[in-house]
Amino acid sequence: MYQQAIELLKKLISTPSISRQEEKTADIIEEFLKSKDFEVKRKHNNVWAEHIIDKSKPIVLLNSHHDTVKPVSSWTRKPYHPDIEHNKLFGLGSNDAGASLVSLMMAFVYLSKQKSTSYDYIFLASAEEEVSGVNGISSVLPIFEKIDFAIVGEPTCMNMAIAEKGLMVLDCTAKGKAGHAARDEGINAISIAVDDIKTLENYQFEKSSELLGNVKLTVSQINAGTQHNVVPETCNFVVDVRTNEHYSNKEVCEIIDKLLKSDVKARSFRLNSSSIPMTHEIVKKGLDLGLKPEIKEGIKIYIALLK
């Protein structure tokens, strides 16, 4: 099974699967699951199989994604050429999230062949994760009648990630008044934006998290002006917001909107922070197993958790 996993991962790395262009890796995953005698289902480039024998048992979703970001020009290796050096496999998507995807798939295959386990399982290889696309996992989840728990594979150095920050992107527009730069006229929108950016940099949200820390605000883009001698009437800037579990994205947006002179518009509220209690039975099982960053045998860990 180990060698099968390595060969499958190498095949996936060799096949470009940039977000929204994952058709060929979806084909590979579908073909592999069919070769293991599963009934495979597919929507867009999301591929899944189910092993549900007893609906009274809890159903665990095993999920990771098979899309990747685009390779960048600074790469020192060929992104689609899987190389093994010093027992490490290199290639675009090898870590994020090919290793997790293949580990979970192999765990699903193994567990589905066992005569008796405490859970039933769904394995889902999802698409468009890197771009939070509408044709990714959110398009598939409503199809499943029941999911009691999910293990989502991402590169975490084999730590159990029990919480994650939410993500929200804000488009902000400072509005001034146009004028000629040579005369004392107009209201410079850049100055308004700068004041607002300073406000964001200095603002501290009241509720901090032991798990996730503070809400983090980062101004990541700014644009203004049409030419050198015109006082800009608008200045647009983008704020990347990472929320903790104490705030919904909508609440944070409302707080920021009251703080700033600029108009504030959220692109979406849907990616809220999420967490799981340390007292959950599977989390406790992982702690009992001594999960630490140095543990690297991902397939064995997933199987041990779910037996």
# chains A, B, ... in the order shown; residues from 1 in each chain; ligands from 1
call {"tool": "select_by_dssp", "arguments": {"residues": "range 14-211 of chain A", "states": "strand (DSSP E or B)", "output": "tab-separated table (two decimals) with all heavy atoms, in the first residue's frame"}}
result
chain	number	residue	atom	x	y	z
A	18	ILE	N	-4.00	23.11	-11.69
A	18	ILE	CA	-4.25	24.46	-11.18
A	18	ILE	C	-5.75	24.63	-10.93
A	18	ILE	O	-6.58	24.07	-11.64
A	18	ILE	CB	-3.74	25.50	-12.19
A	18	ILE	CG1	-2.21	25.39	-12.32
A	18	ILE	CG2	-4.13	26.92	-11.78
A	18	ILE	CD1	-1.64	26.12	-13.50
A	40	VAL	N	-17.82	5.22	-7.77
A	40	VAL	CA	-17.25	6.57	-7.69
A	40	VAL	C	-18.26	7.57	-8.24
A	40	VAL	O	-18.90	7.34	-9.27
A	40	VAL	CB	-15.93	6.66	-8.49
A	40	VAL	CG1	-15.32	8.04	-8.36
A	40	VAL	CG2	-14.95	5.59	-7.99
A	41	LYS	N	-18.36	8.69	-7.55
A	41	LYS	CA	-19.26	9.77	-7.97
A	41	LYS	C	-18.45	11.03	-8.22
A	41	LYS	O	-17.38	11.23	-7.63
A	41	LYS	CB	-20.34	10.01	-6.91
A	41	LYS	CG	-21.19	8.78	-6.65
A	41	LYS	CD	-22.20	9.01	-5.54
A	41	LYS	CE	-23.00	7.74	-5.26
A	41	LYS	NZ	-23.98	7.92	-4.16
A	42	ARG	N	-18.96	11.87	-9.09
A	42	ARG	CA	-18.20	13.07	-9.46
A	42	ARG	C	-19.16	14.22	-9.77
A	42	ARG	O	-20.18	14.03	-10.44
A	42	ARG	CB	-17.32	12.77	-10.68
A	42	ARG	CG	-16.48	13.92	-11.16
A	42	ARG	CD	-15.45	13.40	-12.15
A	42	ARG	NE	-14.68	14.46	-12.78
A	42	ARG	CZ	-13.63	14.24	-13.58
A	42	ARG	NH1	-13.23	13.01	-13.82
A	42	ARG	NH2	-12.99	15.26	-14.13
A	43	LYS	N	-18.81	15.38	-9.26
A	43	LYS	CA	-19.51	16.61	-9.61
A	43	LYS	C	-18.45	17.67	-9.87
A	43	LYS	O	-17.62	17.94	-9.00
A	43	LYS	CB	-20.45	17.07	-8.50
A	43	LYS	CG	-21.24	18.33	-8.87
A	43	LYS	CD	-22.22	18.74	-7.78
A	43	LYS	CE	-23.00	19.99	-8.20
A	43	LYS	NZ	-23.94	20.43	-7.14
A	46	ASN	N	-14.85	17.47	-8.37
A	46	ASN	CA	-14.88	16.82	-7.07
A	46	ASN	C	-15.18	15.33	-7.27
A	46	ASN	O	-16.12	14.99	-7.98
A	46	ASN	CB	-15.95	17.45	-6.18
A	46	ASN	CG	-15.76	18.95	-6.04
A	46	ASN	OD1	-14.90	19.41	-5.31
A	46	ASN	ND2	-16.59	19.73	-6.75
A	47	VAL	N	-14.39	14.48	-6.64
A	47	VAL	CA	-14.53	13.04	-6.81
A	47	VAL	C	-14.68	12.40	-5.44
A	47	VAL	O	-13.92	12.72	-4.51
A	47	VAL	CB	-13.30	12.45	-7.52
A	47	VAL	CG1	-13.46	10.94	-7.72
A	47	VAL	CG2	-13.06	13.14	-8.86
A	48	TRP	N	-15.66	11.50	-5.29
A	48	TRP	CA	-15.82	10.87	-3.98
A	48	TRP	C	-16.33	9.44	-4.09
A	48	TRP	O	-16.86	9.02	-5.13
A	48	TRP	CB	-16.74	11.69	-3.08
A	48	TRP	CG	-18.20	11.72	-3.42
A	48	TRP	CD1	-19.19	10.92	-2.91
A	48	TRP	CD2	-18.86	12.62	-4.34
A	48	TRP	NE1	-20.41	11.26	-3.44
A	48	TRP	CE2	-20.23	12.31	-4.31
A	48	TRP	CE3	-18.42	13.66	-5.16
A	48	TRP	CZ2	-21.18	12.98	-5.10
A	48	TRP	CZ3	-19.34	14.33	-5.94
A	48	TRP	CH2	-20.70	14.00	-5.90
A	49	ALA	N	-16.12	8.71	-3.01
A	49	ALA	CA	-16.64	7.35	-2.86
A	49	ALA	C	-17.11	7.18	-1.43
A	49	ALA	O	-16.62	7.85	-0.52
A	49	ALA	CB	-15.57	6.32	-3.21
A	50	GLU	N	-18.08	6.29	-1.23
A	50	GLU	CA	-18.66	6.10	0.08
A	50	GLU	C	-18.53	4.64	0.52
A	50	GLU	O	-18.62	3.72	-0.31
A	50	GLU	CB	-20.14	6.50	0.07
A	50	GLU	CG	-20.38	7.94	-0.34
A	50	GLU	CD	-21.86	8.31	-0.39
A	50	GLU	OE1	-22.69	7.42	-0.08
A	50	GLU	OE2	-22.18	9.46	-0.74
A	51	HIS	N	-18.32	4.46	1.80
A	51	HIS	CA	-18.39	3.12	2.40
A	51	HIS	C	-19.32	3.23	3.60
A	51	HIS	O	-18.91	3.53	4.72
A	51	HIS	CB	-17.00	2.65	2.84
A	51	HIS	CG	-17.02	1.30	3.50
A	51	HIS	ND1	-17.18	0.12	2.79
A	51	HIS	CD2	-16.94	0.94	4.81
A	51	HIS	CE1	-17.17	-0.89	3.63
A	51	HIS	NE2	-17.03	-0.43	4.86
A	59	ILE	N	-20.68	8.79	10.63
A	59	ILE	CA	-20.03	8.84	9.31
A	59	ILE	C	-18.93	9.89	9.33
A	59	ILE	O	-19.17	11.05	9.68
A	59	ILE	CB	-21.05	9.15	8.20
A	59	ILE	CG1	-22.07	8.01	8.09
A	59	ILE	CG2	-20.34	9.35	6.86
A	59	ILE	CD1	-23.18	8.26	7.09
A	60	VAL	N	-17.75	9.47	8.97
A	60	VAL	CA	-16.58	10.35	8.96
A	60	VAL	C	-16.23	10.71	7.51
A	60	VAL	O	-16.09	9.83	6.66
A	60	VAL	CB	-15.37	9.69	9.63
A	60	VAL	CG1	-14.14	10.59	9.55
A	60	VAL	CG2	-15.69	9.35	11.08
A	61	LEU	N	-16.12	11.99	7.25
A	61	LEU	CA	-15.67	12.47	5.95
A	61	LEU	C	-14.15	12.62	5.97
A	61	LEU	O	-13.59	13.29	6.84
A	61	LEU	CB	-16.31	13.82	5.63
A	61	LEU	CG	-15.80	14.54	4.37
A	61	LEU	CD1	-16.18	13.76	3.12
A	61	LEU	CD2	-16.32	15.97	4.30
A	62	LEU	N	-13.49	11.99	5.02
A	62	LEU	CA	-12.06	12.14	4.82
A	62	LEU	C	-11.87	13.01	3.58
A	62	LEU	O	-12.22	12.60	2.47
A	62	LEU	CB	-11.38	10.78	4.62
A	62	LEU	CG	-11.62	9.74	5.71
A	62	LEU	CD1	-10.98	8.42	5.34
A	62	LEU	CD2	-11.10	10.24	7.05
A	63	ASN	N	-11.33	14.19	3.76
A	63	ASN	CA	-11.30	15.17	2.66
A	63	ASN	C	-9.95	15.85	2.54
A	63	ASN	O	-9.33	16.22	3.54
A	63	ASN	CB	-12.38	16.23	2.88
A	63	ASN	CG	-12.16	17.46	1.99
A	63	ASN	OD1	-11.88	18.54	2.51
A	63	ASN	ND2	-12.26	17.31	0.70
A	64	SER	N	-9.51	15.99	1.31
A	64	SER	CA	-8.43	16.91	1.00
A	64	SER	C	-8.62	17.36	-0.45
A	64	SER	O	-9.51	16.85	-1.15
A	64	SER	CB	-7.06	16.25	1.19
A	64	SER	OG	-6.04	17.24	1.14
A	65	HIS	N	-7.79	18.27	-0.90
A	65	HIS	CA	-8.00	18.84	-2.24
A	65	HIS	C	-6.88	18.44	-3.19
A	65	HIS	O	-5.76	18.16	-2.77
A	65	HIS	CB	-8.11	20.37	-2.16
A	65	HIS	CG	-6.87	21.07	-1.69
A	65	HIS	ND1	-5.91	21.56	-2.55
A	65	HIS	CD2	-6.42	21.37	-0.45
A	65	HIS	CE1	-4.95	22.14	-1.86
A	65	HIS	NE2	-5.23	22.02	-0.58
A	68	THR	N	-3.93	22.90	-7.16
A	68	THR	CA	-2.73	23.59	-6.69
A	68	THR	C	-2.76	25.05	-7.14
A	68	THR	O	-3.54	25.43	-8.01
A	68	THR	CB	-1.43	22.95	-7.24
A	68	THR	OG1	-1.32	23.25	-8.65
A	68	THR	CG2	-1.42	21.45	-7.04
A	83	ASP	N	10.48	14.30	-7.94
A	83	ASP	CA	11.82	13.82	-7.63
A	83	ASP	C	11.88	13.38	-6.17
A	83	ASP	O	11.38	14.07	-5.28
A	83	ASP	CB	12.86	14.92	-7.86
A	83	ASP	CG	12.95	15.33	-9.32
A	83	ASP	OD1	12.94	14.44	-10.19
A	83	ASP	OD2	13.00	16.55	-9.59
A	84	ILE	N	12.52	12.25	-5.94
A	84	ILE	CA	12.75	11.78	-4.57
A	84	ILE	C	14.22	11.95	-4.24
A	84	ILE	O	15.09	11.41	-4.93
A	84	ILE	CB	12.33	10.31	-4.39
A	84	ILE	CG1	10.83	10.16	-4.64
A	84	ILE	CG2	12.69	9.83	-2.98
A	84	ILE	CD1	10.33	8.74	-4.53
A	85	GLU	N	14.48	12.76	-3.24
A	85	GLU	CA	15.85	12.98	-2.77
A	85	GLU	C	15.88	12.89	-1.25
A	85	GLU	O	15.09	13.56	-0.58
A	85	GLU	CB	16.36	14.35	-3.21
A	85	GLU	CG	16.54	14.50	-4.72
A	85	GLU	CD	17.09	15.87	-5.09
A	85	GLU	OE1	17.54	16.60	-4.18
A	85	GLU	OE2	17.03	16.22	-6.29
A	88	LYS	N	12.67	12.32	0.48
A	88	LYS	CA	11.65	13.36	0.36
A	88	LYS	C	11.21	13.47	-1.09
A	88	LYS	O	12.04	13.43	-2.00
A	88	LYS	CB	12.20	14.72	0.83
A	88	LYS	CG	12.48	14.79	2.33
A	88	LYS	CD	12.98	16.17	2.72
A	88	LYS	CE	13.25	16.27	4.21
A	88	LYS	NZ	13.74	17.61	4.60
A	89	LEU	N	9.90	13.61	-1.27
A	89	LEU	CA	9.33	13.72	-2.61
A	89	LEU	C	9.03	15.18	-2.92
A	89	LEU	O	8.27	15.84	-2.20
A	89	LEU	CB	8.04	12.89	-2.69
A	89	LEU	CG	7.26	12.91	-4.02
A	89	LEU	CD1	8.16	12.50	-5.18
A	89	LEU	CD2	6.06	11.98	-3.92
A	90	PHE	N	9.65	15.69	-3.98
A	90	PHE	CA	9.50	17.09	-4.36
A	90	PHE	C	8.59	17.21	-5.58
A	90	PHE	O	8.56	16.33	-6.44
A	90	PHE	CB	10.86	17.70	-4.69
A	90	PHE	CG	11.80	17.80	-3.52
A	90	PHE	CD1	12.63	16.74	-3.19
A	90	PHE	CD2	11.83	18.95	-2.74
A	90	PHE	CE1	13.50	16.83	-2.11
A	90	PHE	CE2	12.68	19.04	-1.65
A	90	PHE	CZ	13.52	17.98	-1.35
A	120	ASP	N	-18.48	4.58	9.64
A	120	ASP	CA	-18.54	4.48	8.18
A	120	ASP	C	-17.86	5.71	7.61
A	120	ASP	O	-17.64	6.71	8.31
A	120	ASP	CB	-19.99	4.37	7.70
A	120	ASP	CG	-20.52	2.94	7.85
A	120	ASP	OD1	-19.69	2.00	7.90
A	120	ASP	OD2	-21.75	2.76	7.92
A	121	TYR	N	-17.56	5.66	6.29
A	121	TYR	CA	-16.66	6.67	5.74
A	121	TYR	C	-17.11	7.19	4.38
A	121	TYR	O	-17.71	6.46	3.58
A	121	TYR	CB	-15.24	6.09	5.58
A	121	TYR	CG	-14.75	5.37	6.79
A	121	TYR	CD1	-14.83	3.98	6.88
A	121	TYR	CD2	-14.24	6.07	7.88
A	121	TYR	CE1	-14.42	3.31	8.01
A	121	TYR	CE2	-13.81	5.42	9.01
A	121	TYR	CZ	-13.91	4.03	9.08
A	121	TYR	OH	-13.50	3.38	10.20
A	122	ILE	N	-16.76	8.44	4.14
A	122	ILE	CA	-16.84	9.04	2.81
A	122	ILE	C	-15.47	9.64	2.52
A	122	ILE	O	-14.92	10.38	3.34
A	122	ILE	CB	-17.91	10.15	2.73
A	122	ILE	CG1	-19.30	9.60	3.04
A	122	ILE	CG2	-17.90	10.81	1.34
A	122	ILE	CD1	-20.37	10.67	3.19
A	123	PHE	N	-14.92	9.32	1.35
A	123	PHE	CA	-13.69	9.98	0.92
A	123	PHE	C	-14.03	10.96	-0.19
A	123	PHE	O	-14.71	10.62	-1.15
A	123	PHE	CB	-12.66	8.97	0.38
A	123	PHE	CG	-11.51	9.64	-0.29
A	123	PHE	CD1	-10.52	10.27	0.46
A	123	PHE	CD2	-11.43	9.70	-1.67
A	123	PHE	CE1	-9.47	10.94	-0.16
A	123	PHE	CE2	-10.39	10.35	-2.31
A	123	PHE	CZ	-9.40	10.98	-1.55
A	124	LEU	N	-13.55	12.19	-0.04
A	124	LEU	CA	-13.82	13.24	-1.02
A	124	LEU	C	-12.53	13.94	-1.41
A	124	LEU	O	-11.85	14.53	-0.56
A	124	LEU	CB	-14.82	14.25	-0.46
A	124	LEU	CG	-14.99	15.56	-1.23
A	124	LEU	CD1	-15.55	15.30	-2.63
A	124	LEU	CD2	-15.89	16.53	-0.47
A	125	ALA	N	-12.20	13.89	-2.68
A	125	ALA	CA	-11.10	14.69	-3.23
A	125	ALA	C	-11.73	15.91	-3.87
A	125	ALA	O	-12.39	15.82	-4.91
A	125	ALA	CB	-10.32	13.88	-4.27
A	126	SER	N	-11.56	17.05	-3.24
A	126	SER	CA	-12.28	18.25	-3.67
A	126	SER	C	-11.41	19.15	-4.54
A	126	SER	O	-10.18	19.09	-4.52
A	126	SER	CB	-12.82	19.03	-2.47
A	126	SER	OG	-11.81	19.26	-1.52
A	149	PHE	N	-18.46	13.85	11.39
A	149	PHE	CA	-17.13	14.34	11.71
A	149	PHE	C	-16.32	14.37	10.43
A	149	PHE	O	-16.59	13.62	9.49
A	149	PHE	CB	-16.45	13.41	12.73
A	149	PHE	CG	-15.13	13.90	13.25
A	149	PHE	CD1	-15.08	14.88	14.24
A	149	PHE	CD2	-13.94	13.41	12.74
A	149	PHE	CE1	-13.86	15.34	14.71
A	149	PHE	CE2	-12.73	13.86	13.21
A	149	PHE	CZ	-12.68	14.83	14.20
A	150	ALA	N	-15.33	15.25	10.38
A	150	ALA	CA	-14.48	15.31	9.18
A	150	ALA	C	-13.02	15.43	9.58
A	150	ALA	O	-12.69	16.13	10.54
A	150	ALA	CB	-14.88	16.49	8.30
A	151	ILE	N	-12.19	14.74	8.84
A	151	ILE	CA	-10.74	14.96	8.91
A	151	ILE	C	-10.34	15.56	7.58
A	151	ILE	O	-10.55	14.96	6.52
A	151	ILE	CB	-9.97	13.66	9.17
A	151	ILE	CG1	-10.29	13.13	10.57
A	151	ILE	CG2	-8.47	13.88	9.02
A	151	ILE	CD1	-9.61	11.82	10.91
A	152	VAL	N	-9.79	16.76	7.65
A	152	VAL	CA	-9.40	17.49	6.44
A	152	VAL	C	-7.87	17.51	6.36
A	152	VAL	O	-7.21	17.99	7.28
A	152	VAL	CB	-9.95	18.93	6.45
A	152	VAL	CG1	-9.52	19.67	5.19
A	152	VAL	CG2	-11.47	18.91	6.57
A	163	ALA	N	-8.28	24.12	15.12
A	163	ALA	CA	-8.94	25.41	14.92
A	163	ALA	C	-8.26	26.12	13.75
A	163	ALA	O	-7.09	25.87	13.46
A	163	ALA	CB	-8.85	26.28	16.17
A	164	GLU	N	-9.01	26.97	13.09
A	164	GLU	CA	-8.42	27.79	12.04
A	164	GLU	C	-9.08	29.16	12.01
A	164	GLU	O	-10.25	29.31	12.37
A	164	GLU	CB	-8.54	27.14	10.66
A	164	GLU	CG	-9.96	27.03	10.15
A	164	GLU	CD	-10.04	26.52	8.72
A	164	GLU	OE1	-8.98	26.40	8.08
A	164	GLU	OE2	-11.15	26.26	8.25
A	166	GLY	N	-10.76	32.48	10.46
A	166	GLY	CA	-11.62	32.78	9.34
A	166	GLY	C	-10.92	33.73	8.38
A	166	GLY	O	-9.91	34.35	8.71
A	167	LEU	N	-11.45	33.83	7.20
A	167	LEU	CA	-10.89	34.72	6.17
A	167	LEU	C	-12.00	35.60	5.61
A	167	LEU	O	-13.08	35.12	5.26
A	167	LEU	CB	-10.26	33.91	5.04
A	167	LEU	CG	-9.91	34.69	3.76
A	167	LEU	CD1	-8.85	35.76	4.05
A	167	LEU	CD2	-9.44	33.76	2.67
A	168	MET	N	-11.70	36.88	5.52
A	168	MET	CA	-12.60	37.83	4.88
A	168	MET	C	-11.77	38.87	4.16
A	168	MET	O	-10.75	39.34	4.69
A	168	MET	CB	-13.51	38.48	5.93
A	168	MET	CG	-14.45	39.55	5.37
A	168	MET	SD	-15.63	40.14	6.62
A	168	MET	CE	-14.54	40.74	7.91
A	169	VAL	N	-12.18	39.23	2.96
A	169	VAL	CA	-11.49	40.27	2.19
A	169	VAL	C	-12.42	41.47	2.08
A	169	VAL	O	-13.58	41.35	1.68
A	169	VAL	CB	-11.11	39.77	0.79
A	169	VAL	CG1	-10.39	40.87	0.01
A	169	VAL	CG2	-10.23	38.53	0.89
A	170	LEU	N	-11.89	42.64	2.45
A	170	LEU	CA	-12.67	43.88	2.41
A	170	LEU	C	-12.15	44.80	1.30
A	170	LEU	O	-10.95	45.04	1.20
A	170	LEU	CB	-12.57	44.62	3.75
A	170	LEU	CG	-13.04	43.89	4.99
A	170	LEU	CD1	-12.83	44.76	6.23
A	170	LEU	CD2	-14.51	43.49	4.87
A	171	ASP	N	-13.05	45.29	0.49
A	171	ASP	CA	-12.74	46.33	-0.50
A	171	ASP	C	-13.18	47.67	0.09
A	171	ASP	O	-14.37	47.88	0.35
A	171	ASP	CB	-13.46	46.06	-1.82
A	171	ASP	CG	-12.91	44.82	-2.52
A	171	ASP	OD1	-11.69	44.75	-2.73
A	171	ASP	OD2	-13.72	43.92	-2.84
A	172	CYS	N	-12.21	48.55	0.29
A	172	CYS	CA	-12.49	49.84	0.92
A	172	CYS	C	-12.24	50.97	-0.07
A	172	CYS	O	-11.27	50.92	-0.84
A	172	CYS	CB	-11.61	50.03	2.15
A	172	CYS	SG	-11.77	48.71	3.37
A	173	THR	N	-13.09	51.98	-0.01
A	173	THR	CA	-12.96	53.13	-0.91
A	173	THR	C	-13.03	54.42	-0.11
A	173	THR	O	-14.05	54.73	0.51
A	173	THR	CB	-14.07	53.14	-1.98
A	173	THR	OG1	-14.03	51.91	-2.72
A	173	THR	CG2	-13.88	54.31	-2.94
A	174	ALA	N	-11.92	55.14	-0.11
A	174	ALA	CA	-11.90	56.48	0.48
A	174	ALA	C	-12.34	57.48	-0.58
A	174	ALA	O	-11.86	57.44	-1.72
A	174	ALA	CB	-10.49	56.81	0.97
A	175	LYS	N	-13.23	58.38	-0.22
A	175	LYS	CA	-13.78	59.34	-1.17
A	175	LYS	C	-13.42	60.77	-0.78
A	175	LYS	O	-13.69	61.20	0.34
A	175	LYS	CB	-15.30	59.18	-1.26
A	175	LYS	CG	-15.73	57.84	-1.83
A	175	LYS	CD	-17.24	57.72	-1.92
A	175	LYS	CE	-17.65	56.38	-2.52
A	175	LYS	NZ	-19.13	56.22	-2.60
A	177	LYS	N	-12.35	64.74	-2.98
A	177	LYS	CA	-12.87	65.65	-4.00
A	177	LYS	C	-11.72	66.03	-4.92
A	177	LYS	O	-10.64	66.41	-4.46
A	177	LYS	CB	-13.46	66.90	-3.35
A	177	LYS	CG	-14.09	67.87	-4.34
A	177	LYS	CD	-14.68	69.06	-3.60
A	177	LYS	CE	-15.31	70.06	-4.60
A	177	LYS	NZ	-15.87	71.24	-3.90
A	179	GLY	N	-9.30	67.93	-7.52
A	179	GLY	CA	-8.82	69.31	-7.64
A	179	GLY	C	-7.50	69.31	-8.39
A	179	GLY	O	-6.91	68.25	-8.67
A	180	HIS	N	-7.00	70.50	-8.70
A	180	HIS	CA	-5.72	70.62	-9.38
A	180	HIS	C	-4.60	70.67	-8.34
A	180	HIS	O	-4.70	71.39	-7.33
A	180	HIS	CB	-5.67	71.88	-10.25
A	180	HIS	CG	-4.58	71.84	-11.27
A	180	HIS	ND1	-3.25	71.98	-10.95
A	180	HIS	CD2	-4.64	71.68	-12.63
A	180	HIS	CE1	-2.52	71.89	-12.05
A	180	HIS	NE2	-3.34	71.71	-13.09
A	187	ILE	N	-10.04	67.57	-2.01
A	187	ILE	CA	-9.81	66.77	-0.79
A	187	ILE	C	-9.14	65.47	-1.22
A	187	ILE	O	-9.71	64.69	-1.99
A	187	ILE	CB	-11.13	66.46	-0.05
A	187	ILE	CG1	-11.83	67.77	0.37
A	187	ILE	CG2	-10.89	65.58	1.17
A	187	ILE	CD1	-13.23	67.57	0.92
A	209	SER	N	-7.93	35.00	21.38
A	209	SER	CA	-8.17	33.56	21.47
A	209	SER	C	-6.92	32.84	21.93
A	209	SER	O	-5.81	33.12	21.46
A	209	SER	CB	-8.59	33.02	20.09
A	209	SER	OG	-8.49	31.62	20.04
call {"tool": "select_by_dssp", "arguments": {"residues": "range 43-193 of chain A", "states": "alpha helix (DSSP H)", "output": "number ranges by chain"}}
result
A: 99-112, 189-193
call {"tool": "write_last_selection", "arguments": {"atoms": "N, CA, C and O atoms", "output": "mmCIF file, in the first residue's frame"}}
result
data_model
loop_
_atom_site.group_PDB
_atom_site.id
_atom_site.type_symbol
_atom_site.label_atom_id
_atom_site.label_comp_id
_atom_site.auth_asym_id
_atom_site.auth_seq_id
_atom_site.Cartn_x
_atom_site.Cartn_y
_atom_site.Cartn_z
ATOM 1 N N ALA A 99 0.136 14.891 -0.458
ATOM 2 C CA ALA A 99 0.473 13.878 0.550
ATOM 3 C C ALA A 99 -0.730 13.573 1.438
ATOM 4 O O ALA A 99 -1.034 12.407 1.726
ATOM 5 N N SER A 100 -1.429 14.623 1.885
ATOM 6 C CA SER A 100 -2.622 14.423 2.708
ATOM 7 C C SER A 100 -3.710 13.706 1.923
ATOM 8 O O SER A 100 -4.377 12.794 2.441
ATOM 9 N N LEU A 101 -3.905 14.115 0.675
ATOM 10 C CA LEU A 101 -4.944 13.520 -0.172
ATOM 11 C C LEU A 101 -4.720 12.025 -0.334
ATOM 12 O O LEU A 101 -5.629 11.213 -0.122
ATOM 13 N N VAL A 102 -3.497 11.648 -0.692
ATOM 14 C CA VAL A 102 -3.197 10.234 -0.934
ATOM 15 C C VAL A 102 -3.241 9.441 0.371
ATOM 16 O O VAL A 102 -3.732 8.310 0.406
ATOM 17 N N SER A 103 -2.756 10.025 1.475
ATOM 18 C CA SER A 103 -2.815 9.344 2.772
ATOM 19 C C SER A 103 -4.260 9.037 3.166
ATOM 20 O O SER A 103 -4.586 7.928 3.603
ATOM 21 N N LEU A 104 -5.123 10.023 3.005
ATOM 22 C CA LEU A 104 -6.531 9.823 3.348
ATOM 23 C C LEU A 104 -7.194 8.813 2.413
ATOM 24 O O LEU A 104 -8.033 8.010 2.842
ATOM 25 N N MET A 105 -6.834 8.855 1.137
ATOM 26 C CA MET A 105 -7.404 7.907 0.188
ATOM 27 C C MET A 105 -7.001 6.475 0.541
ATOM 28 O O MET A 105 -7.816 5.545 0.511
ATOM 29 N N MET A 106 -5.735 6.288 0.891
ATOM 30 C CA MET A 106 -5.262 4.955 1.262
ATOM 31 C C MET A 106 -5.885 4.499 2.584
ATOM 32 O O MET A 106 -6.202 3.310 2.760
ATOM 33 N N ALA A 107 -6.058 5.425 3.516
ATOM 34 C CA ALA A 107 -6.738 5.089 4.768
ATOM 35 C C ALA A 107 -8.165 4.648 4.493
ATOM 36 O O ALA A 107 -8.667 3.680 5.078
ATOM 37 N N PHE A 108 -8.831 5.354 3.580
ATOM 38 C CA PHE A 108 -10.207 5.005 3.205
ATOM 39 C C PHE A 108 -10.260 3.601 2.587
ATOM 40 O O PHE A 108 -11.131 2.789 2.931
ATOM 41 N N VAL A 109 -9.331 3.315 1.688
ATOM 42 C CA VAL A 109 -9.283 1.993 1.059
ATOM 43 C C VAL A 109 -9.077 0.915 2.114
ATOM 44 O O VAL A 109 -9.782 -0.106 2.142
ATOM 45 N N TYR A 110 -8.121 1.132 2.992
ATOM 46 C CA TYR A 110 -7.810 0.139 4.037
ATOM 47 C C TYR A 110 -8.997 -0.081 4.964
ATOM 48 O O TYR A 110 -9.397 -1.222 5.236
ATOM 49 N N LEU A 111 -9.551 1.004 5.483
ATOM 50 C CA LEU A 111 -10.632 0.889 6.461
ATOM 51 C C LEU A 111 -11.882 0.269 5.854
ATOM 52 O O LEU A 111 -12.630 -0.439 6.529
ATOM 53 N N SER A 112 -12.116 0.537 4.578
ATOM 54 C CA SER A 112 -13.305 0.006 3.917
ATOM 55 C C SER A 112 -13.229 -1.511 3.729
ATOM 56 O O SER A 112 -14.253 -2.158 3.519
ATOM 57 N N ALA A 189 -8.136 61.943 -1.457
ATOM 58 C CA ALA A 189 -8.648 60.661 -0.970
ATOM 59 C C ALA A 189 -7.540 59.784 -0.409
ATOM 60 O O ALA A 189 -7.793 58.940 0.471
ATOM 61 N N ILE A 190 -6.319 59.972 -0.901
ATOM 62 C CA ILE A 190 -5.197 59.183 -0.372
ATOM 63 C C ILE A 190 -4.979 59.495 1.104
ATOM 64 O O ILE A 190 -4.720 58.590 1.915
ATOM 65 N N SER A 191 -5.090 60.770 1.465
ATOM 66 C CA SER A 191 -4.909 61.152 2.874
ATOM 67 C C SER A 191 -5.959 60.509 3.767
ATOM 68 O O SER A 191 -5.656 60.057 4.887
ATOM 69 N N ILE A 192 -7.181 60.438 3.260
ATOM 70 C CA ILE A 192 -8.245 59.785 4.020
ATOM 71 C C ILE A 192 -7.932 58.297 4.182
ATOM 72 O O ILE A 192 -8.070 57.724 5.274
ATOM 73 N N ALA A 193 -7.478 57.691 3.100
ATOM 74 C CA ALA A 193 -7.147 56.270 3.150
ATOM 75 C C ALA A 193 -5.993 55.996 4.109
ATOM 76 O O ALA A 193 -6.007 55.023 4.866
#
call {"tool": "residues_around", "arguments": {"residues": "Lys207 in chain A", "least_positions_apart": "3", "cutoff": "9 Å", "atoms": "only C-alpha atoms", "output": "count of residues only"}}
result
7
call {"tool": "atom_distance", "arguments": {"atom1": "CA of Asn236 in chain A", "atom2": "CA of Leu217 in chain A"}}
result
16.0 Å
call {"tool": "residues_around", "arguments": {"residues": "Ala127 in chain A", "least_positions_apart": "5", "cutoff": "7 Å", "atoms": "only C-alpha atoms", "output": "list in words"}}
result
Ser19, Glu22, Asn45, Asn46, His65, His66, Asp67, Gly136 and Ile137 of chain A
call {"tool": "write_last_selection", "arguments": {"atoms": "C-alpha atoms", "output": "compact mmCIF listing (two decimals), in the first residue's frame"}}
result
# COMPACT_ATOMS: atom_id res chain seq x y z
CA SER A 19 -7.48 25.53 -9.51
CA GLU A 22 -8.23 19.91 -12.29
CA ASN A 45 -13.89 18.10 -10.51
CA ASN A 46 -14.88 16.82 -7.07
CA HIS A 65 -8.00 18.84 -2.24
CA HIS A 66 -6.22 18.04 -5.48
CA ASP A 67 -5.89 21.51 -6.98
CA GLY A 136 -15.38 23.09 -4.93
CA ILE A 137 -16.38 21.36 -1.71
